[in-house]
Amino acid sequence: MACSARILVTAWCFFVGISVSVPGWQELVNGLPPPCESQIYCTGDLLKQVQLARLFSDDKHFVDMPLRESPDLVLKKFQQLVNVTPGGILSKEQLQQFVSSSFSDPGQEFEQWEPQDWTSSPQILAKISDQKLQAWASDLNAKWKSLGRKIKDDVRTRPMFYSQIYVPHPLMVPGGRFIEFYYWDSYWVIEGLLLSEMATTAKGMIQNFLYLVDRENIHLLEVEYEFWQRNRSVSITVGDRNHTLNYYNVQIGEPRPESYSKDWELASDLNEDARQELWAELKSAAESGWDFSSRWFLSWSPPLPATLKDTKARAVVPVDLNAFLCKTEHLLASFYRILGNTIKAAQFQAALEHRLEAVQAVFWNEAAGVWLDFNLLKKQPNPAFYPSNLAPLWTDCFSDQAAAERAVRYLEGSTVLSYKNGIPTSLARTGEQWDLPNAWPPLQHMVIAGLAKSSSSRAKEIAFVLAQNWVRTNFALYKKYQAMFEKYNVDGDGKPGTGGEYQVQEGFGWTNGVILQLLDLYGDRLTSGSPSTPFRAWIVVACIFLLNLK
């Protein structure tokens with residue numbers, strides 16, 4: 001997970017692409033500011049002592065806890081304890097008592113709420129031929145009622161008592177430990193809500209994003225775009241042409257508040273400058289949503305394995321981020337044409353054309369037949385497989401109409417299609433959650449949707465097989481656990497995802513949204529039965545069938 005509606009991450013996350021920075025920071029650590037100015041939730045001795053004492057199994061628990069008293073009073077009481085404690089380091093028992101008396105349990109910022117626009121029989125159900133899948137879709141539709149939240153008005157009137165940021169409209173949370181709404185999760189959640197005919201709830205979530213930046217409609221989209229151009233752009237020269245692209249680059253120090261003890265331990269043997277740099281790199285990787293992955297590691301020559309400590313996310317110019325911004329430029333140009341603003345339309349059309357040229361020049365790898373991330377330190381592409389390599393197909397960020405056919409050959413030439421439970425996030429086993437053996441719902445949808453809308457019949461058929469595999473995996477585990485998970489393990493017969501910094505979470509907003517989209521796209525063809533034959537085997541079976549006809 002990456003960017004959420006809490007103050008501990010808003011300084012380096014991008015709500016609708018805008019940095020919600022906090023003015024007046026007084027503390028700079030080695031030139032890098034802390035995640036936010038709060039001396040309780042983001043920086044300071046109280047946060048450090050509580051998190052390093054590991055009072056909770058998950059560091060996120062503490063920074064989700066609302067205050068019982070004002071921040072000044074809580075800090076005063078803490079300092080008094082420090083002053084009378086030899087060495088100034090409180091015992092675990094002291095800290096437990098202090099936290100219990102000064103903080104409430106997470107989730108107290110919400111009030112009871114059920115979506116009024118929920119219906120038990122959305123039209124999507126009638127499009128699903130398989131009765132078991134239809135019943136499952138009905139269950140998923142019902143899950144919106146358990147994932148809905150409304151933030152209490154007290155969060156608006158007394159914001160300093162909470163790490164949660166107030167928004168006026170009800171919302172859907174992902175589920176599990178994630179009790180706030182997230183930027184890219186919300187895309188698939190909103191798509192799912194629309195298929196469930198919950199337009200009012202979906203609109204409210206969009207209005208919440210507007211509220212966070214206090215701008216209206218088209219201007220808001222420009223604010224998002226300008227944030228990336230102003231704060232996250234890099235120039236790359238190919239031949240005699242300079243190309244401007246975007247990347248993740250968070251300039252904030254100190255450990256992540258929600259993973260404080262893990263960051264502290266990871267950097268324990270580094271000097272101060274190196275620690276701050278590593279912590280900034282971790283935040284940059286988290287800004288991407290891929291926290292964490294070999295995708296961000298600066299790899300070493302074998303036999304030295306790259307690890308989380310080798311994260312250099314700021315050295316990677318990512319294919320998918322630029323594909324998303326390509327779509328943004330296309331939409332802004334289209335919206336301004338509709339509004340009759342020809343000057344603005346021409347501005348974003350020109351930006352789109354420059355982006356298309358840059359994506360082709362920097363990312364497209366003719367030998368691989370696909371787009372590849374570019375490493376600024378190595379000055380070369382990363383040849384490794386990631387589903388994000390195909391993101392331009394999803395966002396239409398390409399000019400060569402043969403790109404889909406090339407992408408098919410790229411997939412067929414890898415081992416990716418041999419995984420019957422979903423598309424793996426990478427082919428590297430690092431123990432990080434955005435690597436093998438995990439598969440993530442949004443990445444499945446990006447690849448499937450990108451292939452499905454192409455003009456290539458081969459790409460369309462692969463898209464269906466991948467969709468069938470993913471639906472079957474999700475359905476089988478739903479029958480076993482009566483739960484939907486944020487990620488899945490593609491090994492063996494399939495199971496909930498593994499690895500990373502926390503246990504796999506149930507819920508789950510974007511998982512439900514992706515399944516509903518696939519059922520909407522292929523509801524008349526998908527089945528709940530035995531696994532789809534992996535694509536290579538499917539081709540063999542088809543060839544044998546054709547030979548028999550002769």
# chains A, B, ... in the order shown; residues from 1 in each chain; ligands from 1
$ select_by_dssp --residues "range 454-548 of chain A" --states "helix (DSSP H, G or I)" --output "mmCIF file with C-alpha atoms, in the first residue's frame"
data_model
loop_
_atom_site.group_PDB
_atom_site.id
_atom_site.type_symbol
_atom_site.label_atom_id
_atom_site.label_comp_id
_atom_site.auth_asym_id
_atom_site.auth_seq_id
_atom_site.Cartn_x
_atom_site.Cartn_y
_atom_site.Cartn_z
ATOM 1 C CA SER A 457 -7.225 -11.707 -31.836
ATOM 2 C CA ARG A 458 -4.313 -13.444 -30.132
ATOM 3 C CA ALA A 459 -4.104 -10.688 -27.533
ATOM 4 C CA LYS A 460 -7.851 -10.901 -26.935
ATOM 5 C CA GLU A 461 -7.727 -14.655 -26.360
ATOM 6 C CA ILE A 462 -4.795 -14.378 -23.953
ATOM 7 C CA ALA A 463 -6.736 -11.675 -22.109
ATOM 8 C CA PHE A 464 -9.671 -14.045 -21.644
ATOM 9 C CA VAL A 465 -7.479 -16.938 -20.467
ATOM 10 C CA LEU A 466 -5.770 -14.647 -17.948
ATOM 11 C CA ALA A 467 -9.155 -13.381 -16.756
ATOM 12 C CA GLN A 468 -10.461 -16.940 -16.369
ATOM 13 C CA ASN A 469 -7.395 -17.935 -14.374
ATOM 14 C CA TRP A 470 -7.695 -14.953 -12.059
ATOM 15 C CA VAL A 471 -11.426 -15.358 -11.484
ATOM 16 C CA ARG A 472 -10.991 -19.065 -10.804
ATOM 17 C CA THR A 473 -8.195 -18.407 -8.268
ATOM 18 C CA ASN A 474 -10.198 -15.749 -6.424
ATOM 19 C CA PHE A 475 -13.356 -17.856 -6.446
ATOM 20 C CA ALA A 476 -11.602 -21.010 -5.177
ATOM 21 C CA LEU A 477 -10.049 -19.143 -2.254
ATOM 22 C CA TYR A 478 -13.323 -17.377 -1.514
ATOM 23 C CA LYS A 479 -15.006 -20.762 -1.188
ATOM 24 C CA LYS A 480 -12.217 -21.932 1.125
ATOM 25 C CA TYR A 481 -11.885 -18.839 3.347
ATOM 26 C CA GLY A 509 -11.683 -3.075 -2.043
ATOM 27 C CA TRP A 510 -9.627 -3.268 -5.203
ATOM 28 C CA THR A 511 -9.832 -7.067 -5.366
ATOM 29 C CA ASN A 512 -13.624 -6.916 -5.393
ATOM 30 C CA GLY A 513 -13.597 -4.110 -7.940
ATOM 31 C CA VAL A 514 -11.334 -5.989 -10.349
ATOM 32 C CA ILE A 515 -13.387 -9.188 -10.140
ATOM 33 C CA LEU A 516 -16.584 -7.261 -10.840
ATOM 34 C CA GLN A 517 -14.950 -5.659 -13.882
ATOM 35 C CA LEU A 518 -13.825 -9.036 -15.242
ATOM 36 C CA LEU A 519 -17.283 -10.510 -14.643
ATOM 37 C CA ASP A 520 -18.766 -7.531 -16.461
ATOM 38 C CA LEU A 521 -16.372 -8.013 -19.385
ATOM 39 C CA TYR A 522 -16.565 -11.802 -19.699
ATOM 40 C CA PHE A 535 -1.885 -20.730 -22.658
ATOM 41 C CA ARG A 536 0.959 -22.739 -24.173
ATOM 42 C CA ALA A 537 -0.892 -25.958 -23.405
ATOM 43 C CA TRP A 538 -4.068 -24.430 -24.804
ATOM 44 C CA ILE A 539 -2.307 -23.817 -28.102
ATOM 45 C CA VAL A 540 -1.090 -27.418 -28.174
ATOM 46 C CA VAL A 541 -4.612 -28.696 -27.526
ATOM 47 C CA ALA A 542 -5.991 -26.450 -30.273
ATOM 48 C CA CYS A 543 -3.368 -27.653 -32.762
ATOM 49 C CA ILE A 544 -4.100 -31.309 -32.009
ATOM 50 C CA PHE A 545 -7.809 -30.615 -32.498
ATOM 51 C CA LEU A 546 -7.174 -28.996 -35.872
ATOM 52 C CA LEU A 547 -4.954 -31.894 -36.975
ATOM 53 C CA ASN A 548 -7.701 -34.359 -36.056
#
$ select_by_dssp --residues "range 186-418 of chain A" --states "strand (DSSP E or B)" --output "JSON, numbers by chain"
{"A": [233, 234, 235, 236, 237, 238, 241, 242, 243, 244, 245, 246, 297, 311, 316, 317, 364, 365, 370, 371, 374, 375, 380, 381]}
$ write_last_selection --atoms "N, CA, C and O atoms" --output "compact mmCIF listing (two decimals), in the first residue's frame"
# COMPACT_ATOMS: atom_id res chain seq x y z
N SER A 233 9.98 15.36 -12.31
CA SER A 233 10.35 15.23 -13.72
C SER A 233 11.86 15.09 -13.87
O SER A 233 12.64 15.56 -13.04
N VAL A 234 12.26 14.43 -14.95
CA VAL A 234 13.68 14.20 -15.23
C VAL A 234 13.87 14.25 -16.73
O VAL A 234 12.98 13.84 -17.50
N SER A 235 15.00 14.75 -17.16
CA SER A 235 15.31 14.85 -18.58
C SER A 235 16.28 13.73 -18.96
O SER A 235 17.30 13.53 -18.30
N ILE A 236 15.96 13.02 -20.03
CA ILE A 236 16.79 11.91 -20.51
C ILE A 236 17.11 12.16 -21.98
O ILE A 236 16.21 12.44 -22.78
N THR A 237 18.38 12.06 -22.32
CA THR A 237 18.81 12.29 -23.70
C THR A 237 18.96 10.97 -24.43
O THR A 237 19.64 10.06 -23.96
N VAL A 238 18.31 10.86 -25.56
CA VAL A 238 18.45 9.69 -26.43
C VAL A 238 18.83 10.23 -27.81
O VAL A 238 18.04 10.94 -28.44
N ARG A 241 18.11 14.00 -28.92
CA ARG A 241 16.85 14.55 -28.40
C ARG A 241 16.78 14.41 -26.89
O ARG A 241 17.11 13.36 -26.32
N ASN A 242 16.30 15.47 -26.24
CA ASN A 242 16.04 15.44 -24.80
C ASN A 242 14.56 15.13 -24.57
O ASN A 242 13.69 15.75 -25.19
N HIS A 243 14.29 14.21 -23.68
CA HIS A 243 12.92 13.81 -23.38
C HIS A 243 12.65 14.00 -21.89
O HIS A 243 13.43 13.57 -21.05
N THR A 244 11.52 14.63 -21.58
CA THR A 244 11.12 14.83 -20.19
C THR A 244 10.12 13.76 -19.79
O THR A 244 9.06 13.60 -20.42
N LEU A 245 10.47 13.02 -18.74
CA LEU A 245 9.60 11.98 -18.20
C LEU A 245 9.48 12.17 -16.70
O LEU A 245 10.08 13.08 -16.13
N ASN A 246 8.73 11.31 -16.05
CA ASN A 246 8.47 11.48 -14.61
C ASN A 246 8.86 10.24 -13.83
O ASN A 246 8.87 9.13 -14.37
N PHE A 297 15.31 -2.21 -6.63
CA PHE A 297 16.63 -2.55 -6.11
C PHE A 297 17.72 -2.21 -7.12
O PHE A 297 17.55 -2.44 -8.32
N THR A 311 17.45 -0.47 -2.10
CA THR A 311 16.38 0.27 -2.78
C THR A 311 16.90 1.59 -3.31
O THR A 311 17.45 2.41 -2.57
N VAL A 316 14.93 5.05 -10.78
CA VAL A 316 14.12 4.34 -11.77
C VAL A 316 13.09 5.29 -12.40
O VAL A 316 12.33 5.94 -11.68
N VAL A 317 13.08 5.34 -13.71
CA VAL A 317 12.03 6.06 -14.43
C VAL A 317 11.02 5.00 -14.87
O VAL A 317 11.32 4.18 -15.74
N TRP A 364 10.68 1.93 -24.99
CA TRP A 364 10.49 0.82 -25.90
C TRP A 364 11.82 0.12 -26.19
O TRP A 364 12.81 0.74 -26.55
N ASN A 365 11.83 -1.21 -26.00
CA ASN A 365 13.03 -2.00 -26.25
C ASN A 365 12.73 -2.94 -27.41
O ASN A 365 11.92 -3.87 -27.27
N VAL A 370 8.89 -4.84 -25.91
CA VAL A 370 8.03 -4.32 -24.85
C VAL A 370 8.68 -3.07 -24.28
O VAL A 370 9.84 -2.74 -24.59
N TRP A 371 7.94 -2.37 -23.43
CA TRP A 371 8.48 -1.20 -22.75
C TRP A 371 9.17 -1.63 -21.46
O TRP A 371 8.68 -2.50 -20.73
N PHE A 374 13.56 2.51 -17.07
CA PHE A 374 14.91 3.02 -17.36
C PHE A 374 15.60 3.36 -16.06
O PHE A 374 15.05 4.05 -15.20
N ASN A 375 16.84 2.86 -15.88
CA ASN A 375 17.62 3.13 -14.67
C ASN A 375 18.58 4.27 -14.91
O ASN A 375 19.45 4.19 -15.78
N GLN A 380 20.56 2.51 -18.44
CA GLN A 380 20.11 1.43 -19.31
C GLN A 380 18.78 0.90 -18.81
O GLN A 380 18.39 1.15 -17.66
N PRO A 381 18.03 0.18 -19.67
CA PRO A 381 16.74 -0.36 -19.25
C PRO A 381 16.91 -1.54 -18.31
O PRO A 381 17.95 -2.21 -18.30
$ closest_atom_pairs --of "range 115-203 of chain A" --to "range 96-104 of chain A" --cutoff "12 Å" --atoms "only C-alpha atoms" --output "JSON lines"
{"residue": "A:Phe161", "atom": "CA", "partner": "A:Phe103", "partner_atom": "CA", "distance": 9.3}
{"residue": "A:Tyr162", "atom": "CA", "partner": "A:Phe103", "partner_atom": "CA", "distance": 9.9}
{"residue": "A:Ser163", "atom": "CA", "partner": "A:Phe103", "partner_atom": "CA", "distance": 11.6}
$ write_last_selection --atoms "N, CA and C atoms" --output "PDB file, in the first residue's frame"
ATOM      1  N   PHE A 161      -6.353  15.969  16.958  1.00  0.00           N
ATOM      2  CA  PHE A 161      -6.525  14.776  17.784  1.00  0.00           C
ATOM      3  C   PHE A 161      -6.415  13.479  16.965  1.00  0.00           C
ATOM      4  N   TYR A 162      -6.282  13.608  15.644  1.00  0.00           N
ATOM      5  CA  TYR A 162      -6.343  12.437  14.764  1.00  0.00           C
ATOM      6  C   TYR A 162      -5.218  12.460  13.737  1.00  0.00           C
ATOM      7  N   SER A 163      -4.823  11.266  13.299  1.00  0.00           N
ATOM      8  CA  SER A 163      -3.943  11.180  12.133  1.00  0.00           C
ATOM      9  C   SER A 163      -4.774  11.079  10.846  1.00  0.00           C
TER      10      SER A 163
END
$ residues_around --residues "range 288-295 of chain A" --least-positions-apart "6" --cutoff "10 Å" --atoms "only C-alpha atoms" --output "PyMOL selection string"
chain A and resi 1-3+13-14+182-185+247-249+282+306-308+310-313+316+318+320-321+373+382+384-386+425-436+499-501
$ write_last_selection --atoms "C-alpha atoms" --output "PDB file, in the first residue's frame"
ATOM      1  CA  MET A   1       0.000   0.000   0.000  1.00  0.00           C
ATOM      2  CA  ALA A   2       1.113   3.524  -0.651  1.00  0.00           C
ATOM      3  CA  CYS A   3      -0.632   6.825  -0.192  1.00  0.00           C
ATOM      4  CA  CYS A  13       2.001  11.065  -1.038  1.00  0.00           C
ATOM      5  CA  PHE A  14       0.029  12.422  -3.933  1.00  0.00           C
ATOM      6  CA  TYR A 182      -5.977   5.212  -0.696  1.00  0.00           C
ATOM      7  CA  TYR A 183      -5.280   6.940  -3.954  1.00  0.00           C
ATOM      8  CA  TRP A 184      -4.788   4.183  -6.518  1.00  0.00           C
ATOM      9  CA  ASP A 185      -6.931   1.654  -4.663  1.00  0.00           C
ATOM     10  CA  TYR A 247       9.600   9.376 -11.694  1.00  0.00           C
ATOM     11  CA  TYR A 248       9.124   8.896  -7.940  1.00  0.00           C
ATOM     12  CA  ASN A 249      11.358  11.164  -5.892  1.00  0.00           C
ATOM     13  CA  LEU A 282      11.873   3.702   0.884  1.00  0.00           C
ATOM     14  CA  ALA A 306      20.062  -7.314  -3.824  1.00  0.00           C
ATOM     15  CA  THR A 307      17.935  -6.600  -0.758  1.00  0.00           C
ATOM     16  CA  LEU A 308      15.576  -3.942   0.559  1.00  0.00           C
ATOM     17  CA  ASP A 310      19.578  -1.642  -1.954  1.00  0.00           C
ATOM     18  CA  THR A 311      16.380   0.266  -2.781  1.00  0.00           C
ATOM     19  CA  LYS A 312      17.071   3.044  -5.271  1.00  0.00           C
ATOM     20  CA  ALA A 313      13.572   3.954  -6.409  1.00  0.00           C
ATOM     21  CA  VAL A 316      14.117   4.339 -11.773  1.00  0.00           C
ATOM     22  CA  PRO A 318       8.913   3.826 -14.436  1.00  0.00           C
ATOM     23  CA  ASP A 320       3.573   2.717 -15.706  1.00  0.00           C
ATOM     24  CA  LEU A 321       3.783   6.158 -14.076  1.00  0.00           C
ATOM     25  CA  ASP A 373      11.825   0.811 -16.923  1.00  0.00           C
ATOM     26  CA  ASN A 382      15.829  -2.970 -16.647  1.00  0.00           C
ATOM     27  CA  ALA A 384      13.263  -7.895 -15.857  1.00  0.00           C
ATOM     28  CA  PHE A 385       9.600  -8.803 -16.286  1.00  0.00           C
ATOM     29  CA  TYR A 386       6.981  -6.742 -14.458  1.00  0.00           C
ATOM     30  CA  THR A 425       4.354  -9.393 -10.072  1.00  0.00           C
ATOM     31  CA  SER A 426       7.906 -10.285 -11.041  1.00  0.00           C
ATOM     32  CA  LEU A 427      10.002 -13.385 -11.599  1.00  0.00           C
ATOM     33  CA  ALA A 428      12.314 -12.617  -8.651  1.00  0.00           C
ATOM     34  CA  ARG A 429      11.878 -14.244  -5.241  1.00  0.00           C
ATOM     35  CA  THR A 430      13.010 -11.633  -2.734  1.00  0.00           C
ATOM     36  CA  GLY A 431      10.503 -12.048   0.080  1.00  0.00           C
ATOM     37  CA  GLU A 432       9.043  -8.633  -0.757  1.00  0.00           C
ATOM     38  CA  GLN A 433       5.326  -8.487  -1.424  1.00  0.00           C
ATOM     39  CA  TRP A 434       5.591  -6.933  -4.889  1.00  0.00           C
ATOM     40  CA  ASP A 435       7.614  -9.850  -6.243  1.00  0.00           C
ATOM     41  CA  LEU A 436       7.141 -13.550  -6.990  1.00  0.00           C
ATOM     42  CA  GLY A 499       5.805 -11.635   2.182  1.00  0.00           C
ATOM     43  CA  GLY A 500       6.389  -7.989   2.887  1.00  0.00           C
ATOM     44  CA  GLU A 501       5.930  -6.079   6.121  1.00  0.00           C
TER      45      GLU A 501
END
$ closest_residue --among "A:Asn141, A:Gln51, A:Gln207, A:Thr85" --to "Leu220 in chain A" --atoms "only C-alpha atoms"
A:Gln207
$ atom_distance --atom1 "CA of Leu81 in chain A" --atom2 "CA of Ala53 in chain A"
15.6 Å
$ residues_around --residues "Pro71 in chain A" --least-positions-apart "4" --cutoff "8 Å" --atoms "only C-alpha atoms" --output "list in words"
Ile40, Leu67, Leu75, Met160 and Phe161 of chain A
$ residues_around --residues "Asn489 in chain A" --least-positions-apart "5" --cutoff "10 Å" --atoms "only C-alpha atoms" --output "NGL selection string"
:A and (421-424 or 433 or 436-440 or 473 or 494-499)
$ residues_around --residues "range 347-353 of chain A" --least-positions-apart "5" --cutoff "7 Å" --atoms "only C-alpha atoms" --output "mmCIF file with C-alpha atoms, in the first residue's frame"
data_model
loop_
_atom_site.group_PDB
_atom_site.id
_atom_site.type_symbol
_atom_site.label_atom_id
_atom_site.label_comp_id
_atom_site.auth_asym_id
_atom_site.auth_seq_id
_atom_site.Cartn_x
_atom_site.Cartn_y
_atom_site.Cartn_z
ATOM 1 C CA CYS A 326 0.099 9.969 -20.869
ATOM 2 C CA GLU A 329 -2.618 14.450 -20.993
ATOM 3 C CA HIS A 330 -4.997 12.758 -23.409
ATOM 4 C CA LEU A 332 -7.113 16.945 -20.365
ATOM 5 C CA ALA A 333 -6.787 17.687 -24.067
#
$ residues_around --residues "Phe110 in chain A" --least-positions-apart "3" --cutoff "7 Å" --atoms "only C-alpha atoms" --output "CSV table (one decimal) with N, CA, C and O atoms, in the first residue's frame"
chain,number,residue,atom,x,y,z
A,107,GLY,N,-9.8,3.5,14.7
A,107,GLY,CA,-11.2,3.4,14.2
A,107,GLY,C,-12.2,4.2,14.9
A,107,GLY,O,-13.4,4.3,14.4
A,149,ARG,N,-17.4,3.6,5.2
A,149,ARG,CA,-17.1,4.4,6.4
A,149,ARG,C,-17.5,5.8,6.2
A,149,ARG,O,-17.6,6.3,5.1
A,150,LYS,N,-17.8,6.5,7.3
A,150,LYS,CA,-18.0,7.9,7.3
A,150,LYS,C,-17.2,8.5,8.5
A,150,LYS,O,-17.3,8.0,9.6
A,151,ILE,N,-16.5,9.6,8.2
A,151,ILE,CA,-15.6,10.2,9.2
A,151,ILE,C,-16.4,11.1,10.1
A,151,ILE,O,-17.2,12.0,9.5
A,152,LYS,N,-16.2,11.0,11.4
A,152,LYS,CA,-17.0,11.9,12.3
A,152,LYS,C,-16.6,13.3,12.1
A,152,LYS,O,-15.5,13.7,11.7
$ decode --residues "range 74-86 of chain A" --atoms "N, CA, C and O atoms" --output "compact mmCIF listing (two decimals), in the first residue's frame"
# COMPACT_ATOMS: atom_id res chain seq x y z
N VAL A 74 -0.54 15.88 25.83
CA VAL A 74 0.05 14.54 25.71
C VAL A 74 1.58 14.64 25.67
O VAL A 74 2.29 13.87 26.34
N LEU A 75 2.09 15.57 24.89
CA LEU A 75 3.54 15.75 24.81
C LEU A 75 4.12 16.20 26.15
O LEU A 75 5.21 15.77 26.55
N LYS A 76 3.39 17.07 26.87
CA LYS A 76 3.85 17.53 28.18
C LYS A 76 3.94 16.36 29.16
O LYS A 76 4.93 16.22 29.89
N LYS A 77 2.91 15.51 29.18
CA LYS A 77 2.92 14.36 30.08
C LYS A 77 4.05 13.39 29.73
O LYS A 77 4.70 12.82 30.62
N PHE A 78 4.27 13.22 28.44
CA PHE A 78 5.35 12.33 28.02
C PHE A 78 6.70 12.89 28.46
O PHE A 78 7.55 12.15 28.98
N GLN A 79 6.89 14.18 28.28
CA GLN A 79 8.16 14.79 28.65
C GLN A 79 8.40 14.72 30.15
O GLN A 79 9.53 14.54 30.61
N GLN A 80 7.33 14.85 30.92
CA GLN A 80 7.46 14.73 32.37
C GLN A 80 7.94 13.33 32.75
O GLN A 80 8.79 13.17 33.64
N LEU A 81 7.41 12.30 32.08
CA LEU A 81 7.87 10.94 32.33
C LEU A 81 9.34 10.78 31.94
O LEU A 81 10.11 10.12 32.65
N VAL A 82 9.71 11.36 30.82
CA VAL A 82 11.10 11.27 30.36
C VAL A 82 12.04 11.93 31.37
O VAL A 82 13.11 11.40 31.70
N ASN A 83 11.62 13.07 31.90
CA ASN A 83 12.47 13.83 32.81
C ASN A 83 12.76 13.10 34.12
O ASN A 83 13.81 13.29 34.73
N VAL A 84 11.83 12.26 34.56
CA VAL A 84 12.01 11.57 35.84
C VAL A 84 12.50 10.13 35.65
O VAL A 84 12.62 9.38 36.62
N THR A 85 12.77 9.76 34.40
CA THR A 85 13.25 8.40 34.11
C THR A 85 14.75 8.44 33.83
O THR A 85 15.20 9.18 32.95
N PRO A 86 15.55 7.70 34.58
CA PRO A 86 17.01 7.67 34.35
C PRO A 86 17.33 7.32 32.90
O PRO A 86 16.83 6.34 32.35
